Every structure is written in C-alpha cells, then in structure tokens.
>>> print(open('target20.txt').read())   # compact mmCIF, C-alpha atoms
# COMPACT_ATOMS: atom_id res chain seq x y z
CA MET G 21 0.00 0.00 0.00
CA ASN G 22 1.46 3.36 -0.92
CA PRO G 23 1.95 6.01 1.77
CA SER G 24 -0.77 8.29 0.42
CA ASN G 25 -3.43 5.54 0.57
CA LEU G 26 -2.26 4.52 4.02
CA CYS G 27 -2.52 8.11 5.32
CA THR G 28 -6.03 8.37 3.89
CA LYS G 29 -7.05 5.10 5.56
CA LEU G 30 -5.52 6.21 8.88
CA LEU G 31 -7.33 9.53 8.80
CA THR G 32 -10.61 7.78 7.98
CA GLU G 33 -10.17 5.46 10.95
CA ILE G 34 -9.23 8.34 13.25
CA ASN G 35 -12.38 10.22 12.21
CA LEU G 36 -14.45 7.20 13.29
CA ILE G 37 -12.98 7.09 16.81
CA PRO G 38 -15.33 8.32 19.56
CA GLU G 39 -14.31 11.72 20.97
CA GLU G 40 -13.71 10.33 24.46
CA LYS G 41 -11.03 8.00 23.04
CA LEU G 42 -9.15 10.56 20.93
CA GLU G 43 -6.76 11.54 23.71
CA GLU G 44 -5.69 7.92 24.17
CA VAL G 45 -5.08 7.55 20.44
CA TYR G 46 -3.15 10.81 20.33
CA ASN G 47 -0.96 9.74 23.26
CA PHE G 48 -0.24 6.40 21.61
CA ILE G 49 0.70 7.96 18.27
CA HIS G 50 2.73 10.74 19.87
CA TYR G 51 4.76 8.49 22.14
CA PHE G 52 5.23 5.96 19.35
CA ARG G 53 6.68 8.69 17.13
CA VAL G 54 8.81 10.12 19.94
CA GLY G 55 10.10 6.62 20.72
CA VAL G 56 11.12 6.09 17.11
CA GLU G 57 12.93 9.41 17.07
CA ALA G 58 14.65 8.68 20.37
CA SER G 59 15.79 5.28 19.16
CA GLN G 60 17.77 7.01 16.45
CA SER G 61 20.31 8.29 18.97
CA THR G 62 23.91 7.57 18.24
CA PRO G 63 26.11 5.66 20.68
CA GLU G 64 28.10 8.87 21.18
CA GLN G 65 24.96 10.71 22.31
CA ILE G 66 24.05 7.94 24.71
CA MET G 67 27.57 7.66 26.14
CA GLN G 68 27.49 11.33 27.14
CA PHE G 69 25.47 10.17 30.14
CA ALA G 70 27.89 7.44 31.19
CA GLY G 71 29.03 8.05 34.74
CA CYS G 72 26.69 11.00 35.28
CA TRP G 73 25.75 9.60 38.72
CA ASP G 74 29.31 9.01 39.88
CA ASP G 75 29.19 11.89 42.34
CA MET G 76 25.81 10.89 43.80
CA PRO G 77 26.08 9.55 47.36
CA ASP G 78 25.33 5.81 47.62
CA GLU G 79 22.35 6.38 49.94
CA THR G 80 20.76 8.85 47.53
CA PHE G 81 21.33 6.50 44.60
CA PHE G 82 19.79 3.61 46.54
CA ASP G 83 16.73 5.72 47.42
CA PHE G 84 16.44 6.79 43.78
CA SER G 85 16.63 3.16 42.59
CA GLU G 86 13.98 2.07 45.08
CA GLU G 87 11.70 4.92 43.98
CA ILE G 88 11.99 3.80 40.36
CA ILE G 89 11.04 0.23 41.29
CA THR G 90 8.06 1.42 43.33
CA ARG G 91 6.78 3.71 40.57
CA ARG G 92 7.09 0.98 37.94
CA GLN G 93 5.13 -1.42 40.12
CA GLN G 94 2.42 1.19 40.71
CA ALA G 95 2.24 2.04 37.02
CA PHE G 96 1.54 -1.55 36.06
CA LEU G 97 -0.87 -2.43 38.87
CA GLY G 98 -3.90 -1.15 37.03
CA ARG G 99 -3.12 -2.76 33.69
CA ARG G 100 -5.33 -5.52 32.51
CA SER G 101 -3.70 -8.66 31.20
CA ASP G 102 -5.56 -8.27 27.91
CA GLU G 103 -4.47 -4.68 27.19
CA SER G 104 -1.77 -5.79 24.78
CA SER G 105 -4.18 -8.00 22.88
CA LEU G 106 -5.36 -6.75 19.51
CA SER G 107 -8.55 -8.79 19.41
>>> encode(input="target20.txt", output="structure tokens")
Amino acid sequence: MNPSNLCTKLLTEINLIPEEKLEEVYNFIHYFRVGVEASQSTPEQIMQFAGCWDDMPDETFFDFSEEIITRRQQAFLGRRSDESSLS
C-alpha cells in the first residue's frame, strides 16, 4: 500500500474514533513517534550520560533506585492482562 493511501485510511479510521477515546489515540501515536525518534540516537549521544551519577552519594542513589522500582510497580498495577491483545 502506498503512503498516500495509508494516510487516507488512517485519517478515515481516526475520524471514526469516539471523541472520548481521541486523547488515548493521540498519546499512543505521539509516544510511538517520539520513541522512534529517540531510538535514532547515536552511541556517542548515549555515552554522554555514562558516569553521570558518579558523584551521587550511595544512599541517595539507593533511594532513587527504590523509587523507580516502586513507581514501575504502581504504574503496572492497574493494567489488565488483555491490554496488549489486539482482538
């Protein structure tokens, strides 16, 4: 399918989405696009951050790590097991 036809089909589908679901669709499309752009980083860009926490005290780093774990667990608590299903 050529890109022009695909864009037309996408826009048609988007126009059929109920208004209360548009924000969810927007967020999905936006973060998908941003993720693709971010994945195009070069190793040099990524390595600029290597060692950036070297001067952080161990206790602060431990607290930070624990906070990340807690937030990830909370973020996934409400997810249904069928959310990733396309059917």
>>> atom_distance(input="target20.txt", atom1="CA of Glu43 in chain G", atom2="CA of Leu30 in chain G")
15.8 Å
>>> atom_distance(input="target20.txt", atom1="CA of Gln93 in chain G", atom2="CA of Arg53 in chain G")
25.2 Å
>>> atom_distance(input="target20.txt", atom1="CA of Asn47 in chain G", atom2="CA of Arg92 in chain G")
18.9 Å
